[in-house]
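Participant: Dropping in coords17.cif, with mmCIF, C-alpha atoms.
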data_query
#
loop_
_atom_site.label_atom_id
_atom_site.label_comp_id
_atom_site.auth_asym_id
_atom_site.auth_seq_id
_atom_site.Cartn_x
_atom_site.Cartn_y
_atom_site.Cartn_z
CA MET J 1 75.79 -52.26 -7.69
CA PRO J 2 74.50 -49.31 -9.74
CA THR J 3 71.59 -47.32 -8.37
CA ARG J 4 68.62 -46.37 -10.54
CA GLN J 5 70.43 -43.16 -11.34
CA GLY J 6 73.53 -45.19 -12.24
CA LEU J 7 71.55 -47.52 -14.50
CA VAL J 8 70.05 -44.53 -16.29
CA ALA J 9 73.51 -43.02 -16.71
CA ALA J 10 74.96 -46.29 -18.04
CA GLY J 11 72.05 -46.72 -20.44
CA ALA J 12 72.37 -43.16 -21.66
CA GLY J 13 76.11 -43.68 -22.13
CA ILE J 14 75.61 -46.77 -24.25
CA VAL J 15 73.01 -45.01 -26.42
CA ALA J 16 75.30 -41.98 -26.84
CA ILE J 17 78.23 -44.19 -27.88
CA VAL J 18 76.10 -46.09 -30.40
CA VAL J 19 74.59 -42.92 -31.88
CA GLY J 20 77.98 -41.19 -31.94
CA ARG J 21 79.51 -44.20 -33.70
CA VAL J 22 76.73 -44.47 -36.28
CA PHE J 23 76.58 -40.79 -37.12
CA ALA J 24 80.28 -40.11 -36.50
CA ILE J 25 79.55 -37.52 -33.83
CA LEU J 26 82.64 -37.42 -31.65
CA GLU J 27 81.04 -35.37 -28.92
CA LEU J 28 78.31 -37.99 -28.33
CA PHE J 29 80.95 -40.71 -28.25
CA VAL J 30 82.93 -38.78 -25.61
CA ILE J 31 79.80 -38.06 -23.53
CA GLY J 32 78.73 -41.70 -23.61
CA ALA J 33 82.18 -42.91 -22.59
CA ALA J 34 82.25 -40.39 -19.72
CA LEU J 35 78.90 -41.62 -18.42
CA ILE J 36 80.00 -45.23 -18.49
CA VAL J 37 83.32 -44.39 -16.83
CA THR J 38 81.42 -42.51 -14.12
CA VAL J 39 79.29 -45.56 -13.35
CA VAL J 40 82.30 -47.87 -13.36
CA PHE J 41 84.15 -45.47 -11.05
CA GLY J 42 81.15 -45.37 -8.69
CA VAL J 43 80.89 -49.17 -8.52
CA ALA J 44 84.63 -49.46 -7.86
CA TYR J 45 84.46 -46.71 -5.22
CA VAL J 46 81.74 -48.36 -3.14
CA ALA J 47 83.40 -51.77 -3.47
CA VAL J 48 86.71 -50.45 -2.14
CA ARG J 49 85.40 -47.97 0.42
CA SER J 50 82.58 -50.10 1.87
CA PRO J 51 83.42 -50.36 5.61
CA ARG J 52 84.39 -53.67 7.21
CA LEU J 53 82.43 -53.79 10.46
CA THR J 54 81.62 -56.04 13.38
CA ALA J 55 78.66 -55.18 15.61
CA GLY J 56 76.88 -56.16 18.80
CA ARG J 57 73.21 -55.43 19.48
CA TRP J 58 71.54 -55.04 22.89
CA ALA J 59 67.95 -54.18 23.78
CA HIS J 60 67.28 -52.20 26.97
CA PRO J 61 65.71 -53.10 29.31
CA ALA J 62 66.13 -56.83 28.86
CA MET J 63 62.41 -57.44 29.52
CA LEU J 64 60.28 -54.76 27.91
CA SER J 65 56.70 -54.01 28.90
CA ALA J 66 54.05 -52.58 26.60
CA GLY J 67 54.09 -48.78 26.72
CA GLU J 68 57.57 -48.70 28.28
CA ALA J 69 60.38 -46.80 26.54
CA GLY J 70 62.77 -49.29 24.95
CA THR J 71 66.00 -48.78 23.05
CA VAL J 72 68.39 -50.87 20.97
CA ASP J 73 72.10 -50.07 21.33
CA ILE J 74 74.51 -51.05 18.55
CA ASP J 75 78.27 -51.15 19.18
CA LEU J 76 80.35 -50.94 15.99
CA VAL J 77 84.03 -51.72 15.42
CA HIS J 78 85.64 -50.75 12.09
CA THR J 79 87.98 -53.63 11.22
CA GLY J 80 89.05 -52.39 7.78
CA THR J 81 92.47 -50.92 6.88
CA LEU J 82 91.14 -47.74 5.22
CA ARG J 83 89.24 -44.84 6.69
CA SER J 84 85.57 -45.33 5.91
CA PRO J 85 83.39 -42.75 4.17
CA ARG J 86 80.24 -41.49 5.80
CA PHE J 87 77.74 -44.35 5.55
CA LEU J 88 74.30 -45.46 6.64
CA LEU J 89 73.19 -48.36 8.83
CA GLU J 90 69.75 -49.82 8.17
CA GLU J 91 68.01 -52.09 10.69
CA SER J 92 64.81 -53.91 9.76
CA ILE J 93 62.12 -53.87 12.51
CA GLN J 94 59.11 -56.12 12.04
CA ARG J 95 56.22 -57.49 14.06
CA PRO J 96 54.53 -60.67 12.80
CA GLY J 97 51.77 -59.69 10.40
CA ASP J 98 52.98 -56.09 10.01
CA PRO J 99 55.08 -54.67 7.16
CA PRO J 100 58.73 -54.14 8.10
CA GLN J 101 60.01 -50.74 9.14
CA ILE J 102 63.57 -49.51 8.59
CA ALA J 103 65.58 -47.66 11.23
CA PRO J 104 68.22 -45.56 9.41
CA LEU J 105 71.35 -44.59 11.38
CA GLY J 106 73.90 -42.20 9.90
CA ILE J 107 77.54 -42.92 10.82
CA GLU J 108 80.37 -40.44 10.38
CA PRO J 109 83.69 -41.60 8.82
CA LEU J 110 85.59 -44.10 10.97
CA ARG J 111 89.31 -44.62 11.13
CA PRO J 112 90.65 -48.21 11.25
CA GLY J 113 89.98 -49.80 14.65
CA ALA J 114 87.51 -47.10 15.68
CA LYS J 115 84.58 -47.97 17.95
CA VAL J 116 81.26 -46.19 18.04
CA ARG J 117 77.89 -46.73 19.71
CA THR J 118 74.58 -45.81 18.14
CA GLY J 119 70.98 -46.88 18.61
CA TYR J 120 67.29 -46.24 18.13
CA GLY J 121 63.99 -46.44 20.00
CA LEU J 122 61.73 -49.49 19.85
CA PRO J 123 57.97 -49.38 19.20
CA THR J 124 56.43 -50.84 22.37
CA SER J 125 52.85 -49.58 22.14
CA ARG J 126 51.54 -53.16 22.35
CA ARG J 127 52.76 -56.55 23.49
CA GLY J 128 54.31 -59.05 21.10
CA ARG J 129 57.57 -60.16 19.56
CA ILE J 130 59.68 -57.86 17.40
CA ASP J 131 62.16 -59.24 14.87
CA LEU J 132 65.28 -57.11 14.49
CA GLY J 133 67.72 -57.29 11.62
CA PRO J 134 69.64 -58.08 9.69
CA LEU J 135 71.68 -54.92 10.21
CA VAL J 136 73.30 -53.76 6.96
CA SER J 137 75.71 -50.98 6.04
CA VAL J 138 74.93 -48.86 2.98
CA VAL J 139 77.56 -46.85 1.10
CA THR J 140 76.96 -44.68 -1.98
CA ASP J 141 79.51 -42.91 -4.14
CA PRO J 142 79.65 -39.08 -4.19
CA LEU J 143 77.59 -38.89 -7.40
CA GLY J 144 74.97 -41.39 -6.25
CA VAL J 145 75.37 -43.76 -9.21
CA ALA J 146 76.43 -46.83 -7.18
CA ARG J 147 75.43 -48.34 -3.88
CA ALA J 148 76.95 -51.18 -1.84
CA THR J 149 75.19 -53.00 1.01
CA ARG J 150 76.88 -55.41 3.37
CA THR J 151 75.39 -57.40 6.25
CA VAL J 152 76.96 -56.31 9.52
CA THR J 153 75.14 -58.64 11.93
CA GLY J 154 72.23 -61.07 11.80
CA SER J 155 68.76 -61.09 13.31
CA ASP J 156 67.49 -61.02 16.89
CA GLN J 157 64.10 -61.05 18.54
CA VAL J 158 62.85 -58.76 21.30
CA VAL J 159 59.94 -59.69 23.55
CA VAL J 160 57.51 -56.96 24.60
CA ALA J 161 55.59 -58.34 27.56
CA PRO J 162 52.13 -57.07 28.50
CA ARG J 163 51.93 -54.23 30.97
CA ALA J 164 51.93 -55.56 34.53
CA TYR J 165 50.75 -53.68 37.63
CA GLN J 166 52.16 -54.50 41.05
CA VAL J 167 49.02 -55.05 43.12
CA PRO J 168 48.81 -56.18 46.76
CA MET J 169 48.09 -59.71 47.83
CA PRO J 170 45.48 -60.18 50.59
CA VAL J 171 46.52 -60.31 54.23
CA LEU J 172 44.49 -62.39 56.65
CA GLY J 173 41.75 -60.24 58.19
CA SER J 174 42.22 -57.26 55.84
CA GLY J 175 39.54 -56.53 53.26
CA PRO J 176 36.77 -58.87 52.12
CA LEU J 177 39.19 -61.41 50.71
CA GLY J 178 41.48 -61.29 53.74
CA GLN J 179 38.51 -61.85 56.05
CA GLN J 180 37.46 -64.86 53.99
CA LEU J 181 40.97 -66.29 54.18
CA LEU J 182 41.11 -65.67 57.93
CA ALA J 183 37.90 -67.61 58.48
CA GLN J 184 39.21 -70.37 56.22
CA ALA J 185 42.53 -70.57 58.08
CA ARG J 186 40.76 -70.82 61.44
CA ARG J 187 38.41 -73.48 60.16
CA LEU J 188 41.18 -75.60 58.65
CA GLY J 189 43.63 -75.16 61.51
CA PHE J 190 46.78 -74.31 59.59
CA GLY J 191 49.97 -73.42 61.44
CA GLU J 192 51.65 -74.49 64.66
CA PHE J 193 49.51 -76.01 67.44
CA HIS J 194 48.65 -73.39 70.02
CA SER J 195 45.79 -74.58 72.26
CA LEU J 196 42.43 -76.33 72.44
CA ARG J 197 39.01 -74.68 72.26
CA GLU J 198 35.42 -75.77 72.05
CA TYR J 199 34.03 -76.81 68.69
CA VAL J 200 31.80 -74.29 66.90
CA ASP J 201 29.71 -74.70 63.77
CA GLY J 202 31.86 -74.38 60.67
CA ASP J 203 35.01 -75.97 62.13
CA GLU J 204 36.56 -78.71 60.01
CA PRO J 205 35.96 -82.16 61.53
CA ARG J 206 39.61 -83.00 60.95
CA SER J 207 40.61 -80.28 63.42
CA ILE J 208 38.81 -82.09 66.30
CA HIS J 209 41.14 -83.43 68.97
CA TRP J 210 39.38 -86.72 69.63
CA ARG J 211 41.46 -87.82 72.63
CA ALA J 212 40.92 -84.55 74.46
CA SER J 213 37.23 -84.54 73.48
CA ALA J 214 36.82 -88.03 75.00
CA ARG J 215 37.86 -86.63 78.36
CA SER J 216 35.56 -83.62 78.08
CA ASP J 217 31.84 -82.99 77.89
CA ASP J 218 32.31 -81.00 74.66
CA LEU J 219 34.08 -81.51 71.39
CA LEU J 220 37.46 -79.80 71.41
CA VAL J 221 39.31 -78.60 68.38
CA LYS J 222 42.99 -77.82 67.94
CA GLN J 223 43.71 -74.12 67.64
CA HIS J 224 46.80 -73.12 65.70
CA THR J 225 48.79 -69.99 65.11
CA LEU J 226 47.42 -68.67 61.84
CA GLU J 227 49.50 -68.72 58.68
CA GLY J 228 48.97 -66.20 55.94
CA LEU J 229 48.39 -66.75 52.23
CA LYS J 230 50.93 -69.22 50.84
CA ARG J 231 50.12 -69.81 47.16
CA ALA J 232 48.28 -68.46 44.16
CA ILE J 233 47.06 -70.06 40.94
CA VAL J 234 46.32 -67.58 38.13
CA VAL J 235 44.09 -69.08 35.44
CA LEU J 236 43.65 -67.20 32.14
CA ASP J 237 40.59 -68.20 30.12
CA PRO J 238 41.82 -68.19 26.48
CA ASP J 239 38.46 -68.88 24.79
CA PRO J 240 37.54 -66.00 22.42
CA ASN J 241 33.85 -66.74 23.10
CA SER J 242 34.41 -65.72 26.72
CA TYR J 243 35.12 -62.11 25.75
CA ALA J 244 33.05 -59.36 24.16
CA ASP J 245 35.90 -58.19 21.91
CA ARG J 246 39.65 -58.19 21.40
CA ALA J 247 40.15 -55.29 23.83
CA SER J 248 38.53 -57.34 26.58
CA PHE J 249 40.96 -60.21 25.96
CA GLU J 250 43.91 -57.79 26.01
CA ARG J 251 42.78 -56.53 29.43
CA ALA J 252 42.62 -60.13 30.61
CA VAL J 253 46.25 -60.64 29.51
CA THR J 254 47.28 -57.51 31.44
CA VAL J 255 45.41 -58.71 34.53
CA ALA J 256 47.02 -62.17 34.36
CA ALA J 257 50.50 -60.65 33.99
CA SER J 258 49.83 -58.32 36.93
CA LEU J 259 48.62 -61.07 39.24
CA VAL J 260 51.44 -63.49 38.43
CA THR J 261 54.17 -60.89 38.93
CA SER J 262 52.53 -59.54 42.08
CA ALA J 263 51.99 -62.97 43.64
CA PHE J 264 55.61 -63.93 43.00
CA HIS J 265 56.77 -60.53 44.30
CA HIS J 266 54.92 -61.28 47.55
CA ASP J 267 56.79 -64.61 47.90
CA LEU J 268 53.76 -66.77 47.15
CA ALA J 269 54.15 -70.14 45.48
CA THR J 270 52.88 -68.98 42.09
CA ARG J 271 51.35 -71.02 39.29
CA PHE J 272 50.01 -69.89 35.90
CA VAL J 273 47.57 -71.97 33.89
CA THR J 274 45.96 -71.38 30.50
CA GLY J 275 44.81 -73.38 27.47
CA GLY J 276 46.97 -75.63 25.34
CA GLY J 277 48.48 -77.49 28.27
CA ILE J 278 50.34 -74.45 29.65
CA ASP J 279 50.89 -74.98 33.38
CA LEU J 280 53.83 -72.96 34.72
CA ARG J 281 55.36 -72.85 38.18
CA GLY J 282 58.75 -72.70 39.86
CA PRO J 283 61.39 -70.03 40.51
CA ASP J 284 61.27 -68.64 36.96
CA VAL J 285 57.47 -68.60 36.68
CA THR J 286 57.29 -64.81 36.26
CA ALA J 287 59.75 -64.58 33.36
CA VAL J 288 58.31 -67.61 31.57
CA THR J 289 54.73 -66.43 32.06
CA LEU J 290 55.48 -62.98 30.67
CA ASP J 291 57.20 -64.59 27.70
CA VAL J 292 54.08 -66.72 27.04
CA LEU J 293 51.72 -63.77 27.52
CA ALA J 294 53.74 -61.61 25.12
CA SER J 295 52.43 -63.57 22.15
CA ILE J 296 49.36 -65.40 23.45
CA GLU J 297 46.29 -65.33 21.23
CA PRO J 298 42.66 -66.28 21.90
CA SER J 299 42.24 -70.02 21.53
CA THR J 300 39.63 -72.70 22.02
CA ALA J 301 42.26 -75.05 23.49
CA PRO J 302 40.70 -76.34 26.74
CA LEU J 303 41.94 -75.48 30.18
CA PRO J 304 43.29 -78.39 32.23
CA THR J 305 41.21 -79.82 35.06
CA LEU J 306 42.28 -78.17 38.30
CA ASP J 307 41.20 -80.88 40.71
CA ARG J 308 43.82 -80.19 43.37
CA ASP J 309 46.94 -78.08 43.71
CA PRO J 310 49.87 -79.90 45.32
CA GLY J 311 51.00 -76.89 47.35
CA GLU J 312 50.69 -76.40 51.10
CA GLY J 313 48.77 -73.76 53.07
CA ILE J 314 45.98 -71.35 52.22
CA GLY J 315 45.76 -70.51 48.52
CA LEU J 316 43.91 -68.54 45.86
CA ALA J 317 42.71 -69.68 42.45
CA ILE J 318 42.19 -66.48 40.46
CA LEU J 319 40.20 -66.91 37.24
CA VAL J 320 40.70 -64.16 34.67
CA THR J 321 37.86 -64.22 32.15
CA GLY J 322 35.32 -62.03 30.38
CA ALA J 323 32.12 -62.67 32.33
CA PRO J 324 30.50 -65.10 34.77
CA GLY J 325 29.43 -68.32 33.10
CA SER J 326 32.26 -68.29 30.55
CA THR J 327 34.29 -71.32 29.51
CA GLY J 328 36.85 -70.88 32.27
CA TRP J 329 34.29 -71.32 35.03
CA SER J 330 33.90 -75.05 34.43
CA ALA J 331 37.64 -75.67 34.84
CA VAL J 332 37.94 -73.61 38.03
CA GLY J 333 34.65 -74.98 39.33
CA SER J 334 36.23 -78.44 39.37
CA ILE J 335 38.53 -77.48 42.25
CA VAL J 336 37.56 -79.48 45.34
CA ASP J 337 40.51 -78.42 47.50
CA PRO J 338 39.10 -76.86 50.71
CA THR J 339 42.30 -74.82 51.14
CA ILE J 340 41.68 -72.92 47.88
CA THR J 341 39.47 -69.83 47.56
CA VAL J 342 38.30 -69.09 44.02
CA VAL J 343 38.38 -65.41 42.99
CA PRO J 344 37.03 -64.27 39.59
CA VAL J 345 38.34 -61.21 37.76
CA THR J 346 36.06 -60.29 34.85
CA THR J 347 36.90 -57.88 32.03
CA ASP J 348 33.43 -57.33 30.52
CA VAL J 349 30.98 -57.15 33.42
CA ALA J 350 31.20 -56.93 37.20
CA PRO J 351 31.46 -60.30 38.97
CA ARG J 352 28.41 -61.67 40.74
CA THR J 353 30.21 -62.26 44.01
CA LYS J 354 31.72 -59.92 46.57
CA LEU J 355 34.89 -62.02 46.39
CA GLY J 356 35.67 -60.87 42.88
CA ALA J 357 37.14 -57.94 40.98
CA ALA J 358 36.04 -56.06 37.85
CA ALA J 359 38.55 -55.13 35.14
CA ARG J 360 36.58 -53.28 32.48
CA THR J 361 39.52 -50.87 32.41
CA ASP J 362 43.04 -51.14 33.78
CA ASP J 363 42.26 -48.50 36.41
CA GLU J 364 39.12 -50.33 37.49
CA PHE J 365 41.10 -53.54 37.91
CA VAL J 366 43.65 -51.84 40.15
CA ARG J 367 40.96 -50.12 42.27
CA SER J 368 38.75 -53.19 42.48
CA TRP J 369 41.57 -55.52 43.42
CA ARG J 370 42.94 -53.15 46.03
CA ALA J 371 39.49 -52.87 47.62
CA LEU J 372 39.17 -56.66 47.60
CA ALA J 373 42.59 -57.10 49.20
CA GLY J 374 42.08 -54.24 51.63
CA SER J 375 44.99 -52.13 50.41
CA HIS J 376 45.33 -48.73 48.76
CA ARG J 377 48.76 -48.85 47.17
CA THR J 378 49.99 -50.18 43.84
CA ARG J 379 52.23 -49.30 40.93
CA SER J 380 53.07 -50.61 37.51
CA SER J 381 55.93 -53.02 36.93
CA SER J 382 57.95 -50.38 35.06
CA ALA J 383 57.72 -48.06 38.07
CA GLN J 384 58.74 -50.95 40.28
CA ARG J 385 61.89 -51.55 38.25
CA SER J 386 62.87 -47.89 38.24
CA ALA J 387 62.40 -47.50 42.00
#
Kindly return the structure encoded in the file as structure tokens.
Facilitator:
Amino acid sequence: MPTRQGLVAAGAGIVAIVVGRVFAILELFVIGAALIVTVVFGVAYVAVRSPRLTAGRWAHPAMLSAGEAGTVDIDLVHTGTLRSPRFLLEESIQRPGDPPQIAPLGIEPLRPGAKVRTGYGLPTSRRGRIDLGPLVSVVTDPLGVARATRTVTGSDQVVVAPRAYQVPMPVLGSGPLGQQLLAQARRLGFGEFHSLREYVDGDEPRSIHWRASARSDDLLVKQHTLEGLKRAIVVLDPDPNSYADRASFERAVTVAASLVTSAFHHDLATRFVTGGGIDLRGPDVTAVTLDVLASIEPSTAPLPTLDRDPGEGIGLAILVTGAPGSTGWSAVGSIVDPTITVVPVTTDVAPRTKLGAAARTDDEFVRSWRALAGSHRTRSSSAQRSA
């Protein structure tokens, strides 16, 4: 179709023809006809020379993290029978609630059957979903009076997950949390039977070996080989009233993503729970959780009641919230499972217990959690993938 310049030229041509006809000025008649012919030629040119293309689009890496360099590759095949002119590809890039941006890609002339790869960088400064496309080709004539656009391929969506840090999981006896889990494992008697010992205060009554105790002057309890941490429940408090501001909630999302990916990386039976009935577990829990966290928003949807987790062995219930006393505490406080240790991670203030971690910044979360778990090594998920 004509461009603005082409419409002006066509309008000027019509006026010149009319004036030339009325006043019998041949020169104006000729000029007007030339302008109209130019526009007609331009429209015909772009209609005939507009390239016939097929395209494939791929985002790299497949799962993007906030702040990580991402690219979109576009593979083109020219299926037309004529050599194409130089043309432009335009890809629309839009986040929900933001105005669309256009990625322009200049393509040199292509012979029939030619293949070419091009691409552009993705904005990944924050988590969310990015709508890509449609991808269109744009051809203009040499004089710029006509322009033809043609859809090359449709739309796709790219997920930018929150940044996730690989942090250690506690080992029995290491760090404050590991020591707590060690005492819990001894008290509950998890693992293979090893021997009998005398009962001491704090031992679970169910670990008493009643037959052996009947033949002895003291109560005897079964001593087992100790098993390590087996499972982790990560609970994200979604209530906006639990956080001082939006930045605090965003840190909570990062913490939740970090703990879920790290727990799964350490072969723990991992579960993620948040408001709105979201309760994720299973072999794909990491990918599904990151997909949920990519677009999660603060919500007053209640957390489910966590009365008991069906898993086996020693476990953690990690509550990610803004401050002690927030909405999430009531849900986690309902856990009556003696095999579960509750650990708060707070993004606004320091927790009130030594078995907790502060996350007023990302760096503080990493340091605080490492100290709690008794480890001094960690790295972000992007570094983990590139290693």
Participant: Please, what distance in Å, to one decimal, runs between atom CA of Ser92 of chain J and atom CA of Ser137 of chain J?
Facilitator: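 That distance, rounded to one decimal, is 11.9 Å.
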Participant: Got a sec to resolve the PyMOL selection byres ((chain J and resi 252) around 10) on this structure and send the residues as a count of residues only?
Facilitator: 29
Participant: List the residues matched by the PyMOL selection byres ((chain J and resi 375) around 10) in the displayed structure as a PyMOL selection string, ordered by chain and then by residue number.
Facilitator: chain J and resi 167-171+174-175+367+369-374+376-378
Participant: Determine the residue membership of the PyMOL selection byres ((chain J and resi 297) around 9) for the file above and supply it as a ChimeraX atom specification.
Facilitator: /J:238,240,249,293,295-296,298-299
Participant: Excluding same-chain residues fewer than 2 positions from Pro61 of chain J, what lies within 10 Å of it counting all atoms listed in the file, as a PyMOL selection string?
Facilitator: chain J and resi 58-59+63-65+68-72+385
Participant: Hey, which of J:Ala103, J:Leu26, J:Ala10, J:Leu143 ends up closest to Gly121 of chain J? Count all atoms listed in the file.
Facilitator: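 Ranking J:Ala103, J:Leu26, J:Ala10, J:Leu143 by distance to Gly121 of chain J, first place goes to J:Ala103.
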Participant: For atom CA of Val342 of chain J and atom CA of Ala317 of chain J, quote the distance in Å rounded to one decimal.
Facilitator: 4.7 Å
Participant: Between J:Val22, J:His60, J:Leu53, J:Asp141, which one has atoms that come closest to Phe41 of chain J, using only C-alpha atoms?
Facilitator: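 Going through J:Val22, J:His60, J:Leu53, J:Asp141 one by one, the smallest distance to Phe41 of chain J is for J:Asp141.
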Participant: Atom CA of Asn241 of chain J and atom CA of Thr300 of chain J are how many Å apart?
Facilitator: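 For atom CA of Asn241 of chain J relative to atom CA of Thr300 of chain J, the distance reads 8.4 Å.
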Participant: Which residue gives the smallest distance to Arg126 of chain J among J:Val200, J:Val138, J:Ala294, J:Ala34, with all atoms listed in the file counted?
Facilitator: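 Ranked by minimum distance to Arg126 of chain J, first place goes to J:Ala294.
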Participant: Please list as a PyMOL selection string every residue within 9 Å of segment 284-292 of chain J, counting all atoms listed in the file and excluding residues in the same chain fewer than 5 positions away.
Facilitator: chain J and resi 63+159-162+257+260-261+264+270-272+278
Participant: Complete segment 130-141 of chain J at the level of N, CA and C atoms, written as a tab-separated table (two decimals), keeping the file's coordinate frame.
Facilitator:
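Result went into part09.tsv, see below:
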chain	number	residue	atom	x	y	z
J	130	ILE	N	59.17	-58.73	18.46
J	130	ILE	CA	59.68	-57.86	17.40
J	130	ILE	C	60.95	-58.49	16.85
J	131	ASP	N	60.97	-58.72	15.54
J	131	ASP	CA	62.16	-59.24	14.87
J	131	ASP	C	63.04	-58.07	14.44
J	132	LEU	N	64.30	-58.14	14.82
J	132	LEU	CA	65.28	-57.11	14.49
J	132	LEU	C	66.31	-57.68	13.52
J	133	GLY	N	66.64	-56.90	12.50
J	133	GLY	CA	67.72	-57.29	11.62
J	133	GLY	C	67.25	-57.99	10.36
J	134	PRO	N	68.20	-58.31	9.48
J	134	PRO	CA	69.64	-58.08	9.69
J	134	PRO	C	70.01	-56.60	9.62
J	135	LEU	N	71.12	-56.27	10.25
J	135	LEU	CA	71.68	-54.92	10.21
J	135	LEU	C	72.65	-54.86	9.03
J	136	VAL	N	72.44	-53.88	8.14
J	136	VAL	CA	73.30	-53.76	6.96
J	136	VAL	C	73.90	-52.36	6.91
J	137	SER	N	75.09	-52.27	6.32
J	137	SER	CA	75.71	-50.98	6.04
J	137	SER	C	75.45	-50.62	4.59
J	138	VAL	N	75.24	-49.33	4.32
J	138	VAL	CA	74.93	-48.86	2.98
J	138	VAL	C	75.90	-47.71	2.65
J	139	VAL	N	76.62	-47.87	1.56
J	139	VAL	CA	77.56	-46.85	1.10
J	139	VAL	C	77.20	-46.46	-0.33
J	140	THR	N	77.16	-45.16	-0.61
J	140	THR	CA	76.96	-44.68	-1.98
J	140	THR	C	78.16	-43.82	-2.38
J	141	ASP	N	78.41	-43.75	-3.67
J	141	ASP	CA	79.51	-42.91	-4.14
J	141	ASP	C	79.08	-41.44	-4.12
